[in-house]
file data26.cif (mmCIF, C-alpha atoms)
data_work
#
loop_
_atom_site.group_PDB
_atom_site.id
_atom_site.type_symbol
_atom_site.label_atom_id
_atom_site.label_comp_id
_atom_site.auth_asym_id
_atom_site.auth_seq_id
_atom_site.Cartn_x
_atom_site.Cartn_y
_atom_site.Cartn_z
ATOM 1 C CA MET A 1 -17.273 7.365 21.655
ATOM 2 C CA ILE A 2 -19.205 4.129 21.253
ATOM 3 C CA ASN A 3 -17.089 0.989 21.037
ATOM 4 C CA THR A 4 -18.652 -1.502 18.620
ATOM 5 C CA THR A 5 -15.783 -4.037 18.748
ATOM 6 C CA GLU A 6 -17.636 -6.461 21.017
ATOM 7 C CA GLN A 7 -20.817 -6.258 18.970
ATOM 8 C CA ASN A 8 -18.940 -7.012 15.733
ATOM 9 C CA GLN A 9 -17.072 -9.934 17.269
ATOM 10 C CA GLN A 10 -20.362 -11.626 18.141
ATOM 11 C CA GLN A 11 -20.728 -12.332 14.414
ATOM 12 C CA ALA A 12 -18.664 -15.526 14.153
ATOM 13 C CA LEU A 13 -16.643 -15.926 10.976
ATOM 14 C CA ASP A 14 -14.330 -18.778 12.008
ATOM 15 C CA HIS A 15 -16.382 -21.309 10.017
ATOM 16 C CA LEU A 16 -15.289 -19.546 6.814
ATOM 17 C CA GLU A 17 -11.991 -20.089 5.019
ATOM 18 C CA ASP A 18 -11.883 -16.534 3.678
ATOM 19 C CA VAL A 19 -14.091 -13.440 3.557
ATOM 20 C CA TRP A 20 -14.394 -10.546 1.122
ATOM 21 C CA LEU A 21 -14.184 -7.118 2.767
ATOM 22 C CA PHE A 22 -15.384 -3.967 0.986
ATOM 23 C CA GLY A 23 -13.333 -0.842 1.661
ATOM 24 C CA TYR A 24 -14.682 2.578 0.725
ATOM 25 C CA GLY A 25 -12.712 4.954 3.002
ATOM 26 C CA SER A 26 -9.377 4.555 4.770
ATOM 27 C CA LEU A 27 -9.419 0.836 3.942
ATOM 28 C CA ILE A 28 -8.602 1.900 0.372
ATOM 29 C CA PHE A 29 -5.425 3.850 1.188
ATOM 30 C CA LYS A 30 -4.346 2.348 4.520
ATOM 31 C CA VAL A 31 -4.156 -1.413 4.138
ATOM 32 C CA ASP A 32 -2.540 -2.377 7.453
ATOM 33 C CA PHE A 33 -3.785 -5.977 7.427
ATOM 34 C CA PRO A 34 -2.790 -9.103 5.490
ATOM 35 C CA ILE A 35 -4.718 -9.756 2.287
ATOM 36 C CA LEU A 36 -5.057 -12.799 0.063
ATOM 37 C CA GLU A 37 -6.387 -10.891 -2.935
ATOM 38 C CA GLN A 38 -7.416 -7.334 -3.855
ATOM 39 C CA ARG A 39 -9.869 -6.255 -6.562
ATOM 40 C CA PRO A 40 -11.740 -3.054 -7.445
ATOM 41 C CA ALA A 41 -15.409 -3.418 -6.591
ATOM 42 C CA SER A 42 -18.614 -1.500 -6.058
ATOM 43 C CA ILE A 43 -21.805 -1.775 -4.047
ATOM 44 C CA SER A 44 -25.210 -0.583 -5.181
ATOM 45 C CA GLY A 45 -27.654 1.519 -3.213
ATOM 46 C CA TRP A 46 -25.059 3.344 -1.085
ATOM 47 C CA SER A 47 -23.240 6.700 -1.095
ATOM 48 C CA ARG A 48 -19.978 7.583 0.650
ATOM 49 C CA ARG A 49 -20.383 10.620 2.942
ATOM 50 C CA PHE A 50 -18.225 12.432 5.519
ATOM 51 C CA TRP A 51 -21.003 12.185 8.102
ATOM 52 C CA GLN A 52 -19.282 10.201 10.894
ATOM 53 C CA ALA A 53 -17.320 11.801 13.742
ATOM 54 C CA SER A 54 -13.818 10.556 14.442
ATOM 55 C CA HIS A 55 -13.004 10.904 18.137
ATOM 56 C CA ASP A 56 -10.261 8.292 18.117
ATOM 57 C CA HIS A 57 -8.281 8.549 14.856
ATOM 58 C CA ARG A 58 -8.689 11.864 13.005
ATOM 59 C CA GLY A 59 -9.943 13.982 15.867
ATOM 60 C CA THR A 60 -10.398 13.974 19.620
ATOM 61 C CA PRO A 61 -13.459 13.731 21.882
ATOM 62 C CA GLU A 62 -13.224 17.519 22.378
ATOM 63 C CA LYS A 63 -12.708 18.292 18.674
ATOM 64 C CA PRO A 64 -13.845 15.398 16.499
ATOM 65 C CA GLY A 65 -12.850 15.067 12.883
ATOM 66 C CA ARG A 66 -15.072 13.675 10.132
ATOM 67 C CA VAL A 67 -14.621 10.382 8.312
ATOM 68 C CA VAL A 68 -16.727 8.513 5.787
ATOM 69 C CA THR A 69 -19.590 6.156 6.287
ATOM 70 C CA LEU A 70 -22.145 4.808 3.841
ATOM 71 C CA ILE A 71 -25.630 6.250 3.505
ATOM 72 C CA GLU A 72 -28.386 4.282 1.807
ATOM 73 C CA GLU A 73 -29.202 5.893 -1.531
ATOM 74 C CA PRO A 74 -31.206 3.765 -3.972
ATOM 75 C CA GLY A 75 -29.788 3.819 -7.477
ATOM 76 C CA ASN A 76 -26.340 5.034 -6.452
ATOM 77 C CA ILE A 77 -23.148 2.998 -6.880
ATOM 78 C CA CYS A 78 -20.227 3.371 -4.460
ATOM 79 C CA GLN A 79 -16.860 2.350 -5.878
ATOM 80 C CA GLY A 80 -14.170 0.972 -3.615
ATOM 81 C CA MET A 81 -11.778 -1.915 -3.115
ATOM 82 C CA ALA A 82 -12.528 -5.503 -2.150
ATOM 83 C CA TYR A 83 -10.025 -7.535 -0.162
ATOM 84 C CA ARG A 84 -10.150 -11.287 0.340
ATOM 85 C CA VAL A 85 -8.918 -11.903 3.892
ATOM 86 C CA THR A 86 -8.914 -14.644 6.494
ATOM 87 C CA PRO A 87 -11.491 -14.409 9.299
ATOM 88 C CA ASP A 88 -8.813 -13.706 11.945
ATOM 89 C CA THR A 89 -8.134 -10.356 10.194
ATOM 90 C CA PHE A 90 -11.350 -9.002 11.706
ATOM 91 C CA ALA A 91 -9.919 -8.928 15.244
ATOM 92 C CA HIS A 92 -7.699 -6.053 14.044
ATOM 93 C CA LEU A 93 -10.352 -4.459 11.813
ATOM 94 C CA ASP A 94 -13.073 -4.566 14.492
ATOM 95 C CA HIS A 95 -10.748 -2.591 16.779
ATOM 96 C CA ARG A 96 -9.765 -0.170 14.010
ATOM 97 C CA GLU A 97 -13.418 0.485 13.070
ATOM 98 C CA LYS A 98 -14.692 0.561 16.664
ATOM 99 C CA ASN A 99 -16.118 4.107 16.768
ATOM 100 C CA GLY A 100 -19.705 3.321 15.764
ATOM 101 C CA TYR A 101 -19.093 1.033 12.786
ATOM 102 C CA LEU A 102 -21.006 -2.233 12.577
ATOM 103 C CA ARG A 103 -20.231 -4.844 9.964
ATOM 104 C CA PHE A 104 -22.710 -6.738 7.843
ATOM 105 C CA PHE A 105 -22.711 -8.754 4.624
ATOM 106 C CA ALA A 106 -23.770 -6.953 1.454
ATOM 107 C CA PRO A 107 -23.690 -7.846 -2.231
ATOM 108 C CA LEU A 108 -20.864 -6.336 -4.254
ATOM 109 C CA SER A 109 -19.678 -6.469 -7.849
ATOM 110 C CA PHE A 110 -16.084 -6.808 -8.972
ATOM 111 C CA THR A 111 -15.589 -3.966 -11.422
ATOM 112 C CA ASP A 112 -12.508 -5.502 -13.067
ATOM 113 C CA ALA A 113 -14.638 -8.280 -14.588
ATOM 114 C CA PRO A 114 -16.551 -7.500 -17.798
ATOM 115 C CA GLU A 115 -19.710 -9.030 -16.374
ATOM 116 C CA HIS A 116 -19.263 -7.377 -12.941
ATOM 117 C CA VAL A 117 -19.165 -10.706 -11.114
ATOM 118 C CA PRO A 118 -21.247 -10.559 -7.909
ATOM 119 C CA ALA A 119 -20.106 -11.690 -4.459
ATOM 120 C CA GLU A 120 -20.913 -11.071 -0.796
ATOM 121 C CA ALA A 121 -18.604 -8.918 1.301
ATOM 122 C CA LEU A 122 -18.442 -7.607 4.820
ATOM 123 C CA VAL A 123 -18.868 -3.839 4.989
ATOM 124 C CA TYR A 124 -18.377 -1.545 8.001
ATOM 125 C CA VAL A 125 -21.090 1.114 8.215
ATOM 126 C CA ALA A 126 -21.693 3.700 10.923
ATOM 127 C CA GLY A 127 -25.418 4.272 10.738
ATOM 128 C CA PRO A 128 -27.459 7.254 11.911
ATOM 129 C CA ASP A 129 -28.329 5.466 15.168
ATOM 130 C CA ASN A 130 -24.741 5.513 16.514
ATOM 131 C CA ALA A 131 -23.607 8.212 18.942
ATOM 132 C CA ALA A 132 -20.804 9.465 16.666
ATOM 133 C CA PHE A 133 -23.047 10.054 13.641
ATOM 134 C CA LEU A 134 -22.985 13.728 12.663
ATOM 135 C CA GLY A 135 -25.086 13.595 9.517
ATOM 136 C CA ASP A 136 -25.282 16.137 6.763
ATOM 137 C CA ALA A 137 -24.072 19.721 7.019
ATOM 138 C CA PRO A 138 -23.199 22.443 4.512
ATOM 139 C CA LEU A 139 -20.132 21.355 2.538
ATOM 140 C CA GLN A 140 -18.112 24.398 3.649
ATOM 141 C CA ASP A 141 -18.794 23.535 7.326
ATOM 142 C CA ILE A 142 -17.662 19.939 6.791
ATOM 143 C CA ALA A 143 -14.546 21.201 4.974
ATOM 144 C CA GLN A 144 -13.720 23.610 7.823
ATOM 145 C CA GLN A 145 -14.108 20.842 10.424
ATOM 146 C CA ILE A 146 -11.869 18.497 8.416
ATOM 147 C CA ALA A 147 -9.238 21.198 7.785
ATOM 148 C CA SER A 148 -8.976 22.034 11.494
ATOM 149 C CA SER A 149 -9.151 18.555 13.079
ATOM 150 C CA HIS A 150 -6.250 16.360 14.133
ATOM 151 C CA GLY A 151 -6.095 13.112 16.106
ATOM 152 C CA PRO A 152 -3.786 10.225 17.051
ATOM 153 C CA SER A 153 -3.776 8.939 13.438
ATOM 154 C CA GLY A 154 -2.920 12.354 12.005
ATOM 155 C CA ALA A 155 -4.587 15.302 10.366
ATOM 156 C CA ASN A 156 -8.187 14.858 9.272
ATOM 157 C CA ALA A 157 -7.278 16.676 6.029
ATOM 158 C CA ASP A 158 -4.722 13.943 5.236
ATOM 159 C CA TYR A 159 -7.482 11.302 5.489
ATOM 160 C CA LEU A 160 -9.677 13.216 3.021
ATOM 161 C CA LEU A 161 -6.870 14.040 0.578
ATOM 162 C CA GLN A 162 -5.467 10.487 0.609
ATOM 163 C CA LEU A 163 -8.955 9.129 -0.066
ATOM 164 C CA ASP A 164 -9.477 11.627 -2.902
ATOM 165 C CA ASP A 165 -6.113 10.684 -4.462
ATOM 166 C CA ALA A 166 -6.802 6.940 -4.091
ATOM 167 C CA LEU A 167 -10.230 7.250 -5.709
ATOM 168 C CA LYS A 168 -8.764 9.231 -8.618
ATOM 169 C CA THR A 169 -6.019 6.609 -9.064
ATOM 170 C CA MET A 170 -8.721 3.912 -9.225
ATOM 171 C CA GLY A 171 -10.710 5.939 -11.750
ATOM 172 C CA ALA A 172 -13.588 6.164 -9.277
ATOM 173 C CA ILE A 173 -15.818 9.221 -9.392
ATOM 174 C CA ASP A 174 -17.171 10.593 -6.112
ATOM 175 C CA THR A 175 -18.292 14.218 -6.305
ATOM 176 C CA HIS A 176 -18.823 14.511 -2.519
ATOM 177 C CA VAL A 177 -15.189 13.571 -1.826
ATOM 178 C CA ALA A 178 -13.793 15.586 -4.759
ATOM 179 C CA GLU A 179 -15.687 18.764 -3.829
ATOM 180 C CA LEU A 180 -14.677 18.469 -0.170
ATOM 181 C CA ALA A 181 -11.049 17.873 -1.129
ATOM 182 C CA ALA A 182 -11.032 20.992 -3.318
ATOM 183 C CA GLN A 183 -12.466 23.098 -0.475
ATOM 184 C CA VAL A 184 -10.015 21.692 2.091
ATOM 185 C CA ARG A 185 -7.035 22.254 -0.248
ATOM 186 C CA ALA A 186 -8.172 25.901 -0.561
ATOM 187 C CA LEU A 187 -8.387 26.227 3.246
ATOM 188 C CA LEU A 188 -4.921 24.761 3.756
#

call {"tool": "encode", "arguments": {"input": "data26.cif", "output": "structure tokens"}}
result
Amino acid sequence: MINTTEQNQQQALDHLEDVWLFGYGSLIFKVDFPILEQRPASISGWSRRFWQASHDHRGTPEKPGRVVTLIEEPGNICQGMAYRVTPDTFAHLDHREKNGYLRFFAPLSFTDAPEHVPAEALVYVAGPDNAAFLGDAPLQDIAQQIASSHGPSGANADYLLQLDDALKTMGAIDTHVAELAAQVRALL
């Protein structure tokens, strides 16, 4: 496991009054931090994929689970949730997202505004250069790994199914998540 907490905390945010955060995975269904405002949003040029190992939450070092990260994909739109938070919130989030995730600012659009108002938001992404990056695999192999993995934060299948349910509730379409969820439900 690579701990990126220290690296993320080198990016000072204390000069800001508030910060938008874009959530595309567990940050959609597990909001365990104080928020000032919440709005549906999307980012362009990225796809959500179950390509990151979870050694610390949804799996173990011996049997890692799989969680989502973002993969650059020109022309694609990833739907999620934006949260306006205070900068001190990132002490908690940097620890929570420590297994290979680095944060950076990216443009986002609020999807609840007719004109899709743009803003900048911090996004946590675990890129292909981090030690926990698993990358692509056949969907049935990913589904099997998710169905059989469990960690300190619970079953890996729960993470996937909660994300699938949350995306459906938002009206967000993500075929990668939906197809994986269907396969994992069949395995369970």

call {"tool": "resolve_selection", "arguments": {"input": "data26.cif", "expression": "the PyMOL selection byres ((chain A and resi 143) around 8)", "output": "list of chain:residue names"}}
result
A:Leu139, A:Gln140, A:Asp141, A:Ile142, A:Gln144, A:Gln145, A:Ile146, A:Ala147, A:Leu180, A:Ala181, A:Gln183, A:Val184

call {"tool": "closest_residue", "arguments": {"input": "data26.cif", "among": "A:Phe50, A:Trp20, A:Tyr83, A:Phe29", "to": "Thr175 in chain A", "atoms": "all atoms listed in the file"}}
result
A:Phe50

call {"tool": "closest_residue", "arguments": {"input": "data26.cif", "among": "A:Gly65, A:Gly80, A:Pro74, A:Gly45", "to": "Leu21 in chain A", "atoms": "all atoms listed in the file"}}
result
A:Gly80

call {"tool": "residues_near_point", "arguments": {"input": "data26.cif", "point": "(-15.0, -7.9, -5.1)", "cutoff": "9 Å", "atoms": "all atoms listed in the file", "output": "number ranges by chain"}}
result
A: 20-22, 38-42, 81-84, 108-112, 116-121

call {"tool": "write_last_selection", "arguments": {"input": "data26.cif", "atoms": "C-alpha atoms", "output": "compact mmCIF listing (two decimals), in the frame of the given file"}}
result
# COMPACT_ATOMS: atom_id res chain seq x y z
CA TRP A 20 -14.39 -10.55 1.12
CA LEU A 21 -14.18 -7.12 2.77
CA PHE A 22 -15.38 -3.97 0.99
CA GLN A 38 -7.42 -7.33 -3.86
CA ARG A 39 -9.87 -6.26 -6.56
CA PRO A 40 -11.74 -3.05 -7.44
CA ALA A 41 -15.41 -3.42 -6.59
CA SER A 42 -18.61 -1.50 -6.06
CA MET A 81 -11.78 -1.92 -3.12
CA ALA A 82 -12.53 -5.50 -2.15
CA TYR A 83 -10.02 -7.54 -0.16
CA ARG A 84 -10.15 -11.29 0.34
CA LEU A 108 -20.86 -6.34 -4.25
CA SER A 109 -19.68 -6.47 -7.85
CA PHE A 110 -16.08 -6.81 -8.97
CA THR A 111 -15.59 -3.97 -11.42
CA ASP A 112 -12.51 -5.50 -13.07
CA HIS A 116 -19.26 -7.38 -12.94
CA VAL A 117 -19.16 -10.71 -11.11
CA PRO A 118 -21.25 -10.56 -7.91
CA ALA A 119 -20.11 -11.69 -4.46
CA GLU A 120 -20.91 -11.07 -0.80
CA ALA A 121 -18.60 -8.92 1.30

call {"tool": "closest_residue", "arguments": {"input": "data26.cif", "among": "A:Cys78, A:Phe133, A:His95, A:Ser153", "to": "Ile43 in chain A", "atoms": "all atoms listed in the file"}}
result
A:Cys78

call {"tool": "resolve_selection", "arguments": {"input": "data26.cif", "expression": "the PyMOL selection byres ((chain A and resi 62) around 12)", "output": "PDB file with C-alpha atoms, in the coordinates of the input"}}
result
ATOM      1  CA  MET A   1     -17.273   7.365  21.655  1.00  0.00           C
ATOM      2  CA  ALA A  53     -17.320  11.801  13.742  1.00  0.00           C
ATOM      3  CA  SER A  54     -13.818  10.556  14.442  1.00  0.00           C
ATOM      4  CA  HIS A  55     -13.004  10.904  18.137  1.00  0.00           C
ATOM      5  CA  ASP A  56     -10.261   8.292  18.117  1.00  0.00           C
ATOM      6  CA  ARG A  58      -8.689  11.864  13.005  1.00  0.00           C
ATOM      7  CA  GLY A  59      -9.943  13.982  15.867  1.00  0.00           C
ATOM      8  CA  THR A  60     -10.398  13.974  19.620  1.00  0.00           C
ATOM      9  CA  PRO A  61     -13.459  13.731  21.882  1.00  0.00           C
ATOM     10  CA  LYS A  63     -12.708  18.292  18.674  1.00  0.00           C
ATOM     11  CA  PRO A  64     -13.845  15.398  16.499  1.00  0.00           C
ATOM     12  CA  GLY A  65     -12.850  15.067  12.883  1.00  0.00           C
ATOM     13  CA  SER A 149      -9.151  18.555  13.079  1.00  0.00           C
ATOM     14  CA  HIS A 150      -6.250  16.360  14.133  1.00  0.00           C
ATOM     15  CA  GLY A 151      -6.095  13.112  16.106  1.00  0.00           C
TER      16      GLY A 151
END

call {"tool": "residues_around", "arguments": {"input": "data26.cif", "residues": "Leu13 in chain A", "least_positions_apart": "3", "cutoff": "12 Å", "atoms": "all atoms listed in the file", "output": "PyMOL selection string"}}
result
chain A and resi 8-10+16-20+85-91+103-105+122

call {"tool": "write_last_selection", "arguments": {"input": "data26.cif", "atoms": "C-alpha atoms", "output": "PDB file, in the frame of the given file"}}
result
ATOM      1  CA  ASN A   8     -18.940  -7.012  15.733  1.00  0.00           C
ATOM      2  CA  GLN A   9     -17.072  -9.934  17.269  1.00  0.00           C
ATOM      3  CA  GLN A  10     -20.362 -11.626  18.141  1.00  0.00           C
ATOM      4  CA  LEU A  16     -15.289 -19.546   6.814  1.00  0.00           C
ATOM      5  CA  GLU A  17     -11.991 -20.089   5.019  1.00  0.00           C
ATOM      6  CA  ASP A  18     -11.883 -16.534   3.678  1.00  0.00           C
ATOM      7  CA  VAL A  19     -14.091 -13.440   3.557  1.00  0.00           C
ATOM      8  CA  TRP A  20     -14.394 -10.546   1.122  1.00  0.00           C
ATOM      9  CA  VAL A  85      -8.918 -11.903   3.892  1.00  0.00           C
ATOM     10  CA  THR A  86      -8.914 -14.644   6.494  1.00  0.00           C
ATOM     11  CA  PRO A  87     -11.491 -14.409   9.299  1.00  0.00           C
ATOM     12  CA  ASP A  88      -8.813 -13.706  11.945  1.00  0.00           C
ATOM     13  CA  THR A  89      -8.134 -10.356  10.194  1.00  0.00           C
ATOM     14  CA  PHE A  90     -11.350  -9.002  11.706  1.00  0.00           C
ATOM     15  CA  ALA A  91      -9.919  -8.928  15.244  1.00  0.00           C
ATOM     16  CA  ARG A 103     -20.231  -4.844   9.964  1.00  0.00           C
ATOM     17  CA  PHE A 104     -22.710  -6.738   7.843  1.00  0.00           C
ATOM     18  CA  PHE A 105     -22.711  -8.754   4.624  1.00  0.00           C
ATOM     19  CA  LEU A 122     -18.442  -7.607   4.820  1.00  0.00           C
TER      20      LEU A 122
END

call {"tool": "resolve_selection", "arguments": {"input": "data26.cif", "expression": "the PyMOL selection byres ((chain A and resi 177-179) around 12)", "output": "PDB file with C-alpha atoms, in the frame of the given file"}}
result
ATOM      1  CA  TYR A  24     -14.682   2.578   0.725  1.00  0.00           C
ATOM      2  CA  GLY A  25     -12.712   4.954   3.002  1.00  0.00           C
ATOM      3  CA  SER A  47     -23.240   6.700  -1.095  1.00  0.00           C
ATOM      4  CA  ARG A  48     -19.978   7.583   0.650  1.00  0.00           C
ATOM      5  CA  ARG A  49     -20.383  10.620   2.942  1.00  0.00           C
ATOM      6  CA  PHE A  50     -18.225  12.432   5.519  1.00  0.00           C
ATOM      7  CA  TRP A  51     -21.003  12.185   8.102  1.00  0.00           C
ATOM      8  CA  ARG A  66     -15.072  13.675  10.132  1.00  0.00           C
ATOM      9  CA  VAL A  67     -14.621  10.382   8.312  1.00  0.00           C
ATOM     10  CA  VAL A  68     -16.727   8.513   5.787  1.00  0.00           C
ATOM     11  CA  THR A  69     -19.590   6.156   6.287  1.00  0.00           C
ATOM     12  CA  CYS A  78     -20.227   3.371  -4.460  1.00  0.00           C
ATOM     13  CA  PRO A 138     -23.199  22.443   4.512  1.00  0.00           C
ATOM     14  CA  LEU A 139     -20.132  21.355   2.538  1.00  0.00           C
ATOM     15  CA  GLN A 140     -18.112  24.398   3.649  1.00  0.00           C
ATOM     16  CA  ILE A 142     -17.662  19.939   6.791  1.00  0.00           C
ATOM     17  CA  ALA A 143     -14.546  21.201   4.974  1.00  0.00           C
ATOM     18  CA  ILE A 146     -11.869  18.497   8.416  1.00  0.00           C
ATOM     19  CA  ALA A 157      -7.278  16.676   6.029  1.00  0.00           C
ATOM     20  CA  TYR A 159      -7.482  11.302   5.489  1.00  0.00           C
ATOM     21  CA  LEU A 160      -9.677  13.216   3.021  1.00  0.00           C
ATOM     22  CA  LEU A 161      -6.870  14.040   0.578  1.00  0.00           C
ATOM     23  CA  GLN A 162      -5.467  10.487   0.609  1.00  0.00           C
ATOM     24  CA  LEU A 163      -8.955   9.129  -0.066  1.00  0.00           C
ATOM     25  CA  ASP A 164      -9.477  11.627  -2.902  1.00  0.00           C
ATOM     26  CA  ASP A 165      -6.113  10.684  -4.462  1.00  0.00           C
ATOM     27  CA  ALA A 166      -6.802   6.940  -4.091  1.00  0.00           C
ATOM     28  CA  LEU A 167     -10.230   7.250  -5.709  1.00  0.00           C
ATOM     29  CA  LYS A 168      -8.764   9.231  -8.618  1.00  0.00           C
ATOM     30  CA  ALA A 172     -13.588   6.164  -9.277  1.00  0.00           C
ATOM     31  CA  ILE A 173     -15.818   9.221  -9.392  1.00  0.00           C
ATOM     32  CA  ASP A 174     -17.171  10.593  -6.112  1.00  0.00           C
ATOM     33  CA  THR A 175     -18.292  14.218  -6.305  1.00  0.00           C
ATOM     34  CA  HIS A 176     -18.823  14.511  -2.519  1.00  0.00           C
ATOM     35  CA  LEU A 180     -14.677  18.469  -0.170  1.00  0.00           C
ATOM     36  CA  ALA A 181     -11.049  17.873  -1.129  1.00  0.00           C
ATOM     37  CA  ALA A 182     -11.032  20.992  -3.318  1.00  0.00           C
ATOM     38  CA  GLN A 183     -12.466  23.098  -0.475  1.00  0.00           C
ATOM     39  CA  VAL A 184     -10.015  21.692   2.091  1.00  0.00           C
ATOM     40  CA  ARG A 185      -7.035  22.254  -0.248  1.00  0.00           C
ATOM     41  CA  ALA A 186      -8.172  25.901  -0.561  1.00  0.00           C
TER      42      ALA A 186
END

call {"tool": "residues_near_point", "arguments": {"input": "data26.cif", "point": "(-22.4, 1.1, 9.5)", "cutoff": "6 Å", "atoms": "only C-alpha atoms", "output": "tab-separated table (two decimals) with C-alpha atoms, in the frame of the given file"}}
result
chain	number	residue	atom	x	y	z
A	101	TYR	CA	-19.09	1.03	12.79
A	102	LEU	CA	-21.01	-2.23	12.58
A	124	TYR	CA	-18.38	-1.54	8.00
A	125	VAL	CA	-21.09	1.11	8.22
A	126	ALA	CA	-21.69	3.70	10.92
A	127	GLY	CA	-25.42	4.27	10.74

call {"tool": "closest_residue", "arguments": {"input": "data26.cif", "among": "A:Glu115, A:His92, A:Trp46, A:Met170", "to": "Ile77 in chain A", "atoms": "all atoms listed in the file"}}
result
A:Trp46

call {"tool": "residues_around", "arguments": {"input": "data26.cif", "residues": "Pro128 in chain A", "least_positions_apart": "6", "cutoff": "9 Å", "atoms": "all atoms listed in the file", "output": "list in words"}}
result
Trp51, Gln52, Ile71, Leu134 and Gly135 of chain A

call {"tool": "atom_distance", "arguments": {"input": "data26.cif", "atom1": "CA of His57 in chain A", "atom2": "CA of Gly23 in chain A"}}
result
17.0 Å

call {"tool": "atom_distance", "arguments": {"input": "data26.cif", "atom1": "CA of Asn3 in chain A", "atom2": "CA of Gly100 in chain A"}}
result
6.3 Å

call {"tool": "axis_aligned_box", "arguments": {"input": "data26.cif", "around": "range 54-63 of chain A", "padding_each_side": "3 Å", "output": "lines of an AutoDock Vina configuration file"}}
result
center_x = -11.0
center_y = 13.3
center_z = 17.7
size_x = 11.5
size_y = 16.0
size_z = 15.4

call {"tool": "atom_distance", "arguments": {"input": "data26.cif", "atom1": "CA of Ala132 in chain A", "atom2": "CA of Pro34 in chain A"}}
result
28.2 Å

call {"tool": "closest_residue", "arguments": {"input": "data26.cif", "among": "A:Lys98, A:Ile28, A:Ile35, A:Ser44", "to": "Glu73 in chain A", "atoms": "all atoms listed in the file"}}
result
A:Ser44

call {"tool": "build_atoms", "arguments": {"input": "data26.cif", "residues": "range 64-69 of chain A", "atoms": "all heavy atoms", "output": "short mmCIF file (atom, residue, chain, number, x, y, z; two decimals), in the frame of the given file"}}
result
data_model
loop_
_atom_site.label_atom_id
_atom_site.label_comp_id
_atom_site.auth_asym_id
_atom_site.auth_seq_id
_atom_site.Cartn_x
_atom_site.Cartn_y
_atom_site.Cartn_z
N PRO A 64 -13.83 16.53 17.43
CA PRO A 64 -13.84 15.40 16.50
C PRO A 64 -13.61 15.80 15.05
O PRO A 64 -13.99 16.90 14.63
CB PRO A 64 -15.25 14.81 16.67
CG PRO A 64 -16.07 15.92 17.22
CD PRO A 64 -15.14 16.79 18.01
N GLY A 65 -12.98 14.90 14.32
CA GLY A 65 -12.85 15.07 12.88
C GLY A 65 -14.06 14.42 12.21
O GLY A 65 -15.01 14.02 12.89
N ARG A 66 -14.01 14.33 10.90
CA ARG A 66 -15.07 13.68 10.13
C ARG A 66 -14.44 12.64 9.22
O ARG A 66 -13.44 12.93 8.55
CB ARG A 66 -15.85 14.68 9.28
CG ARG A 66 -16.94 15.41 10.03
CD ARG A 66 -17.75 16.26 9.06
NE ARG A 66 -18.82 16.96 9.72
CZ ARG A 66 -20.11 16.64 9.62
NH1 ARG A 66 -20.49 15.62 8.86
NH2 ARG A 66 -21.03 17.33 10.24
N VAL A 67 -15.05 11.46 9.19
CA VAL A 67 -14.62 10.38 8.31
C VAL A 67 -15.85 9.85 7.58
O VAL A 67 -16.98 10.22 7.88
CB VAL A 67 -13.89 9.26 9.10
CG1 VAL A 67 -12.55 9.77 9.62
CG2 VAL A 67 -14.75 8.75 10.25
N VAL A 68 -15.61 8.97 6.60
CA VAL A 68 -16.73 8.51 5.79
C VAL A 68 -17.47 7.34 6.40
O VAL A 68 -16.92 6.55 7.16
CB VAL A 68 -16.30 8.14 4.34
CG1 VAL A 68 -15.91 9.36 3.55
CG2 VAL A 68 -15.21 7.10 4.32
N THR A 69 -18.73 7.30 6.06
CA THR A 69 -19.59 6.16 6.29
C THR A 69 -20.43 6.01 5.02
O THR A 69 -20.29 6.82 4.08
CB THR A 69 -20.47 6.32 7.54
OG1 THR A 69 -21.15 5.07 7.78
CG2 THR A 69 -21.47 7.44 7.42
#
